[in-house]
Amino acid sequence: MKESKIAAVERILDNYLEMNNHRKTPERYAILKAIYSINGHFTLEELNERLASEQKFPVSRATLYNTLNLFLSLRLVNRHRFQGSTKYEACYDKKSHCHQICTICGKVTEVRSPDIIMAVENMHLKRFRKDGFALYVYGICSNCQSQMTKVKKLDKLDKQDKQDKQKSKTK
Ligand SMILES: [Zn+2]
Ligand SMILES: [Zn+2]
């Protein structure tokens with residue numbers, strides 16, 4: 001039977017803690033579990049909420065931050081800077097992917113592009129072992145686009161209205 005994802009990431013943490021003679025504090029495992037129960041990107045606050053509500057395991061911000069840094073170095077999570085907010089995501093066993101970021105509302109969507117994945121795979125880097133990549137594509141989402149066209153239309157109507165009033169005054 002294939003080892004579950006959570007068992008696999010716990011083993012990575014086990015190995016690291018054992019090798020470095022660190023104590024296996026339950027906090028670290030609770031945090032790891034919470035991270036792998038979240039689908040997609042999350043902020044430090046969101047992770048904290050999840051820990052407090054679902055796992056009944058409140059931890060201090062400092063512990064959370066330090067643990068996330070440890071998980072970053074173990075490549076168990078990725079950190080992103082999206083439009084001024086820092087977000088994390090579980091990355092064990094996760095394929096490299098592209099992020100589509102709306103510069104107006106900040107919405108982040110994950111997209112897969114086999115062409116880009118191939119291009120990075122074929123990229124030759126000197127004395128460097130590639131582990132993965134993240135790509136950000138900036139633009140405007142469909143919601144914001146339709147919002148913008150609505151505003152434009154209203155502007156147009158408004159102008160038309162003013163012109164009509166001007167005309168009727170000069171008559
Ligand atoms: Zn948007
Ligand atoms: Zn992502």
# chains A, B, ... in the order shown; residues from 1 in each chain; ligands from 1
$ select_by_dssp --residues "chain A" --states "strand (DSSP E or B)" --output "ChimeraX atom specification"
/A:42,77-82,85-90,97-102,108-111,134-139
$ select_by_dssp --residues "range 74-142 of chain A" --states "helix (DSSP H, G or I)" --output "number ranges by chain"
A: 114-122, 142
$ residues_near_ligand --ligand "ligand 1" --cutoff "12 Å" --atoms "only C-alpha atoms and all ligand atoms" --output "list in words"
Gln83, Gln100, Ile101, Cys102, Thr103, Ile104, Cys105, Gly106, Lys107, Val108, Thr109, Tyr138, Gly139, Ile140, Cys141, Ser142, Asn143, Cys144, Gln145, Ser146, Gln147 and Met148 of chain A
$ residues_near_ligand --ligand "ligand 2" --cutoff "12 Å" --atoms "only C-alpha atoms and all ligand atoms" --output "PyMOL selection string"
chain A and resi 39-42+77-82+87-92+94-101+107-112+132-137
$ write_last_selection --atoms "N, CA and C atoms" --output "CSV table (one decimal), in the first residue's frame"
chain,number,residue,atom,x,y,z
A,39,ASN,N,-6.3,23.0,1.6
A,39,ASN,CA,-6.2,22.9,0.2
A,39,ASN,C,-5.8,24.3,-0.4
A,40,GLY,N,-4.7,24.3,-1.0
A,40,GLY,CA,-4.3,25.6,-1.7
A,40,GLY,C,-3.5,26.5,-0.8
A,41,HIS,N,-3.5,27.8,-1.0
A,41,HIS,CA,-2.7,28.8,-0.3
A,41,HIS,C,-3.3,29.3,0.9
A,42,PHE,N,-2.5,29.6,1.9
A,42,PHE,CA,-3.0,30.1,3.2
A,42,PHE,C,-2.0,31.0,3.8
A,77,VAL,N,6.9,23.0,2.7
A,77,VAL,CA,6.0,24.1,2.3
A,77,VAL,C,6.8,25.1,1.4
A,78,ASN,N,6.0,25.8,0.6
A,78,ASN,CA,6.5,26.9,-0.2
A,78,ASN,C,6.0,28.2,0.4
A,79,ARG,N,6.8,29.3,0.2
A,79,ARG,CA,6.3,30.6,0.6
A,79,ARG,C,6.2,31.5,-0.6
A,80,HIS,N,5.1,32.2,-0.7
A,80,HIS,CA,4.9,33.1,-1.8
A,80,HIS,C,4.6,34.5,-1.3
A,81,ARG,N,4.9,35.4,-2.1
A,81,ARG,CA,4.5,36.8,-1.8
A,81,ARG,C,3.5,37.2,-2.9
A,82,PHE,N,2.3,37.3,-2.5
A,82,PHE,CA,1.2,37.6,-3.5
A,82,PHE,C,0.7,39.0,-3.2
A,87,LYS,N,1.9,34.1,1.6
A,87,LYS,CA,1.1,32.9,1.6
A,87,LYS,C,1.9,31.7,1.5
A,88,TYR,N,1.4,30.6,2.1
A,88,TYR,CA,2.2,29.4,2.1
A,88,TYR,C,1.3,28.3,1.4
A,89,GLU,N,2.0,27.3,1.0
A,89,GLU,CA,1.3,26.1,0.5
A,89,GLU,C,2.1,24.8,0.7
A,90,ALA,N,1.3,23.7,1.0
A,90,ALA,CA,2.0,22.5,1.2
A,90,ALA,C,2.6,22.1,-0.2
A,91,CYS,N,3.8,21.6,-0.2
A,91,CYS,CA,4.4,21.3,-1.5
A,91,CYS,C,4.9,19.9,-1.7
A,92,TYR,N,4.9,19.1,-0.7
A,92,TYR,CA,5.4,17.8,-0.8
A,92,TYR,C,4.6,17.0,-1.9
A,94,LYS,N,3.9,17.8,-4.7
A,94,LYS,CA,3.0,18.6,-5.5
A,94,LYS,C,3.9,19.0,-6.8
A,95,LYS,N,3.2,19.0,-7.9
A,95,LYS,CA,3.9,19.3,-9.1
A,95,LYS,C,4.2,20.9,-9.2
A,96,SER,N,5.2,21.2,-9.8
A,96,SER,CA,5.5,22.7,-10.1
A,96,SER,C,4.3,23.2,-10.8
A,97,HIS,N,4.0,24.5,-10.5
A,97,HIS,CA,2.9,25.1,-11.2
A,97,HIS,C,3.0,26.6,-11.3
A,98,CYS,N,2.1,27.1,-12.1
A,98,CYS,CA,2.1,28.6,-12.3
A,98,CYS,C,1.0,29.2,-11.5
A,99,HIS,N,1.2,30.4,-11.1
A,99,HIS,CA,0.2,31.2,-10.4
A,99,HIS,C,-0.3,32.3,-11.2
A,100,GLN,N,-1.6,32.4,-11.4
A,100,GLN,CA,-2.1,33.5,-12.1
A,100,GLN,C,-2.7,34.5,-11.1
A,101,ILE,N,-2.1,35.7,-11.1
A,101,ILE,CA,-2.5,36.7,-10.1
A,101,ILE,C,-3.2,37.9,-10.6
A,107,LYS,N,-6.8,38.0,-6.5
A,107,LYS,CA,-7.1,36.6,-6.6
A,107,LYS,C,-6.0,35.7,-7.2
A,108,VAL,N,-5.7,34.6,-6.6
A,108,VAL,CA,-4.6,33.7,-7.1
A,108,VAL,C,-5.2,32.4,-7.6
A,109,THR,N,-4.9,32.0,-8.8
A,109,THR,CA,-5.4,30.8,-9.3
A,109,THR,C,-4.2,30.0,-9.8
A,110,GLU,N,-4.2,28.7,-9.5
A,110,GLU,CA,-3.1,27.8,-10.0
A,110,GLU,C,-3.4,27.3,-11.4
A,111,VAL,N,-2.4,27.4,-12.2
A,111,VAL,CA,-2.6,26.9,-13.6
A,111,VAL,C,-1.4,25.9,-13.9
A,112,ARG,N,-1.7,24.9,-14.7
A,112,ARG,CA,-0.7,24.0,-15.1
A,112,ARG,C,-0.3,24.3,-16.5
A,132,GLY,N,12.2,22.2,-8.2
A,132,GLY,CA,10.9,22.7,-8.6
A,132,GLY,C,10.9,24.2,-8.9
A,133,PHE,N,9.8,24.7,-9.3
A,133,PHE,CA,9.7,26.1,-9.6
A,133,PHE,C,8.3,26.7,-9.3
A,134,ALA,N,8.2,28.0,-9.2
A,134,ALA,CA,6.9,28.6,-9.1
A,134,ALA,C,7.0,29.8,-10.1
A,135,LEU,N,5.9,30.0,-10.8
A,135,LEU,CA,5.9,31.1,-11.8
A,135,LEU,C,4.7,32.0,-11.5
A,136,TYR,N,4.8,33.3,-11.6
A,136,TYR,CA,3.7,34.2,-11.4
A,136,TYR,C,3.4,34.9,-12.7
A,137,VAL,N,2.1,34.8,-13.1
A,137,VAL,CA,1.7,35.5,-14.2
A,137,VAL,C,0.7,36.6,-13.7
$ atom_distance --atom1 "CA of Thr63 in chain A" --atom2 "CA of Ile31 in chain A"
9.8 Å
$ decode --residues "range 80-110 of chain A" --atoms "N, CA and C atoms" --output "PDB file, in the first residue's frame"
ATOM      1  N   HIS A  80       5.067  32.181  -0.677  1.00  0.00           N
ATOM      2  CA  HIS A  80       4.858  33.092  -1.810  1.00  0.00           C
ATOM      3  C   HIS A  80       4.566  34.493  -1.307  1.00  0.00           C
ATOM      4  N   ARG A  81       4.934  35.442  -2.115  1.00  0.00           N
ATOM      5  CA  ARG A  81       4.538  36.824  -1.847  1.00  0.00           C
ATOM      6  C   ARG A  81       3.537  37.200  -2.916  1.00  0.00           C
ATOM      7  N   PHE A  82       2.272  37.254  -2.549  1.00  0.00           N
ATOM      8  CA  PHE A  82       1.249  37.617  -3.508  1.00  0.00           C
ATOM      9  C   PHE A  82       0.730  39.001  -3.172  1.00  0.00           C
ATOM     10  N   GLN A  83       0.926  39.961  -4.032  1.00  0.00           N
ATOM     11  CA  GLN A  83       0.326  41.281  -3.849  1.00  0.00           C
ATOM     12  C   GLN A  83       0.414  41.760  -2.411  1.00  0.00           C
ATOM     13  N   GLY A  84       1.605  41.699  -1.859  1.00  0.00           N
ATOM     14  CA  GLY A  84       1.787  42.250  -0.524  1.00  0.00           C
ATOM     15  C   GLY A  84       1.427  41.322   0.618  1.00  0.00           C
ATOM     16  N   SER A  85       0.788  40.170   0.333  1.00  0.00           N
ATOM     17  CA  SER A  85       0.511  39.260   1.447  1.00  0.00           C
ATOM     18  C   SER A  85       1.338  37.990   1.280  1.00  0.00           C
ATOM     19  N   THR A  86       1.812  37.480   2.404  1.00  0.00           N
ATOM     20  CA  THR A  86       2.632  36.274   2.358  1.00  0.00           C
ATOM     21  C   THR A  86       1.745  35.058   2.507  1.00  0.00           C
ATOM     22  N   LYS A  87       1.870  34.147   1.574  1.00  0.00           N
ATOM     23  CA  LYS A  87       1.061  32.932   1.630  1.00  0.00           C
ATOM     24  C   LYS A  87       1.946  31.707   1.549  1.00  0.00           C
ATOM     25  N   TYR A  88       1.435  30.633   2.128  1.00  0.00           N
ATOM     26  CA  TYR A  88       2.172  29.372   2.133  1.00  0.00           C
ATOM     27  C   TYR A  88       1.345  28.311   1.429  1.00  0.00           C
ATOM     28  N   GLU A  89       1.996  27.261   1.023  1.00  0.00           N
ATOM     29  CA  GLU A  89       1.252  26.107   0.523  1.00  0.00           C
ATOM     30  C   GLU A  89       2.068  24.842   0.743  1.00  0.00           C
ATOM     31  N   ALA A  90       1.335  23.749   1.005  1.00  0.00           N
ATOM     32  CA  ALA A  90       1.979  22.453   1.157  1.00  0.00           C
ATOM     33  C   ALA A  90       2.565  22.080  -0.195  1.00  0.00           C
ATOM     34  N   CYS A  91       3.795  21.593  -0.233  1.00  0.00           N
ATOM     35  CA  CYS A  91       4.369  21.341  -1.545  1.00  0.00           C
ATOM     36  C   CYS A  91       4.942  19.943  -1.722  1.00  0.00           C
ATOM     37  N   TYR A  92       4.855  19.113  -0.661  1.00  0.00           N
ATOM     38  CA  TYR A  92       5.388  17.762  -0.835  1.00  0.00           C
ATOM     39  C   TYR A  92       4.570  17.038  -1.901  1.00  0.00           C
ATOM     40  N   ASP A  93       5.246  16.412  -2.855  1.00  0.00           N
ATOM     41  CA  ASP A  93       4.535  15.617  -3.847  1.00  0.00           C
ATOM     42  C   ASP A  93       3.707  16.462  -4.819  1.00  0.00           C
ATOM     43  N   LYS A  94       3.859  17.767  -4.693  1.00  0.00           N
ATOM     44  CA  LYS A  94       3.036  18.636  -5.538  1.00  0.00           C
ATOM     45  C   LYS A  94       3.850  19.046  -6.758  1.00  0.00           C
ATOM     46  N   LYS A  95       3.214  18.994  -7.899  1.00  0.00           N
ATOM     47  CA  LYS A  95       3.919  19.345  -9.129  1.00  0.00           C
ATOM     48  C   LYS A  95       4.154  20.851  -9.187  1.00  0.00           C
ATOM     49  N   SER A  96       5.245  21.237  -9.832  1.00  0.00           N
ATOM     50  CA  SER A  96       5.504  22.655 -10.054  1.00  0.00           C
ATOM     51  C   SER A  96       4.333  23.241 -10.822  1.00  0.00           C
ATOM     52  N   HIS A  97       3.995  24.453 -10.481  1.00  0.00           N
ATOM     53  CA  HIS A  97       2.851  25.056 -11.169  1.00  0.00           C
ATOM     54  C   HIS A  97       3.001  26.560 -11.299  1.00  0.00           C
ATOM     55  N   CYS A  98       2.116  27.130 -12.105  1.00  0.00           N
ATOM     56  CA  CYS A  98       2.144  28.565 -12.322  1.00  0.00           C
ATOM     57  C   CYS A  98       1.002  29.207 -11.538  1.00  0.00           C
ATOM     58  N   HIS A  99       1.224  30.425 -11.083  1.00  0.00           N
ATOM     59  CA  HIS A  99       0.183  31.170 -10.392  1.00  0.00           C
ATOM     60  C   HIS A  99      -0.253  32.335 -11.244  1.00  0.00           C
ATOM     61  N   GLN A 100      -1.556  32.436 -11.376  1.00  0.00           N
ATOM     62  CA  GLN A 100      -2.133  33.521 -12.149  1.00  0.00           C
ATOM     63  C   GLN A 100      -2.657  34.510 -11.102  1.00  0.00           C
ATOM     64  N   ILE A 101      -2.132  35.724 -11.119  1.00  0.00           N
ATOM     65  CA  ILE A 101      -2.464  36.676 -10.062  1.00  0.00           C
ATOM     66  C   ILE A 101      -3.161  37.905 -10.614  1.00  0.00           C
ATOM     67  N   CYS A 102      -4.351  38.192 -10.104  1.00  0.00           N
ATOM     68  CA  CYS A 102      -5.071  39.383 -10.543  1.00  0.00           C
ATOM     69  C   CYS A 102      -4.509  40.581  -9.794  1.00  0.00           C
ATOM     70  N   THR A 103      -4.072  41.597 -10.545  1.00  0.00           N
ATOM     71  CA  THR A 103      -3.427  42.746  -9.912  1.00  0.00           C
ATOM     72  C   THR A 103      -4.457  43.704  -9.324  1.00  0.00           C
ATOM     73  N   ILE A 104      -5.751  43.445  -9.561  1.00  0.00           N
ATOM     74  CA  ILE A 104      -6.771  44.337  -8.997  1.00  0.00           C
ATOM     75  C   ILE A 104      -7.347  43.761  -7.706  1.00  0.00           C
ATOM     76  N   CYS A 105      -7.861  42.532  -7.757  1.00  0.00           N
ATOM     77  CA  CYS A 105      -8.465  41.977  -6.535  1.00  0.00           C
ATOM     78  C   CYS A 105      -7.514  41.039  -5.789  1.00  0.00           C
ATOM     79  N   GLY A 106      -6.404  40.684  -6.400  1.00  0.00           N
ATOM     80  CA  GLY A 106      -5.424  39.843  -5.720  1.00  0.00           C
ATOM     81  C   GLY A 106      -5.704  38.352  -5.774  1.00  0.00           C
ATOM     82  N   LYS A 107      -6.753  37.968  -6.509  1.00  0.00           N
ATOM     83  CA  LYS A 107      -7.113  36.551  -6.593  1.00  0.00           C
ATOM     84  C   LYS A 107      -5.986  35.730  -7.240  1.00  0.00           C
ATOM     85  N   VAL A 108      -5.669  34.605  -6.606  1.00  0.00           N
ATOM     86  CA  VAL A 108      -4.608  33.746  -7.119  1.00  0.00           C
ATOM     87  C   VAL A 108      -5.204  32.420  -7.584  1.00  0.00           C
ATOM     88  N   THR A 109      -4.913  32.036  -8.806  1.00  0.00           N
ATOM     89  CA  THR A 109      -5.395  30.767  -9.334  1.00  0.00           C
ATOM     90  C   THR A 109      -4.193  29.961  -9.788  1.00  0.00           C
ATOM     91  N   GLU A 110      -4.239  28.666  -9.536  1.00  0.00           N
ATOM     92  CA  GLU A 110      -3.126  27.831  -9.993  1.00  0.00           C
ATOM     93  C   GLU A 110      -3.411  27.320 -11.388  1.00  0.00           C
TER      94      GLU A 110
END
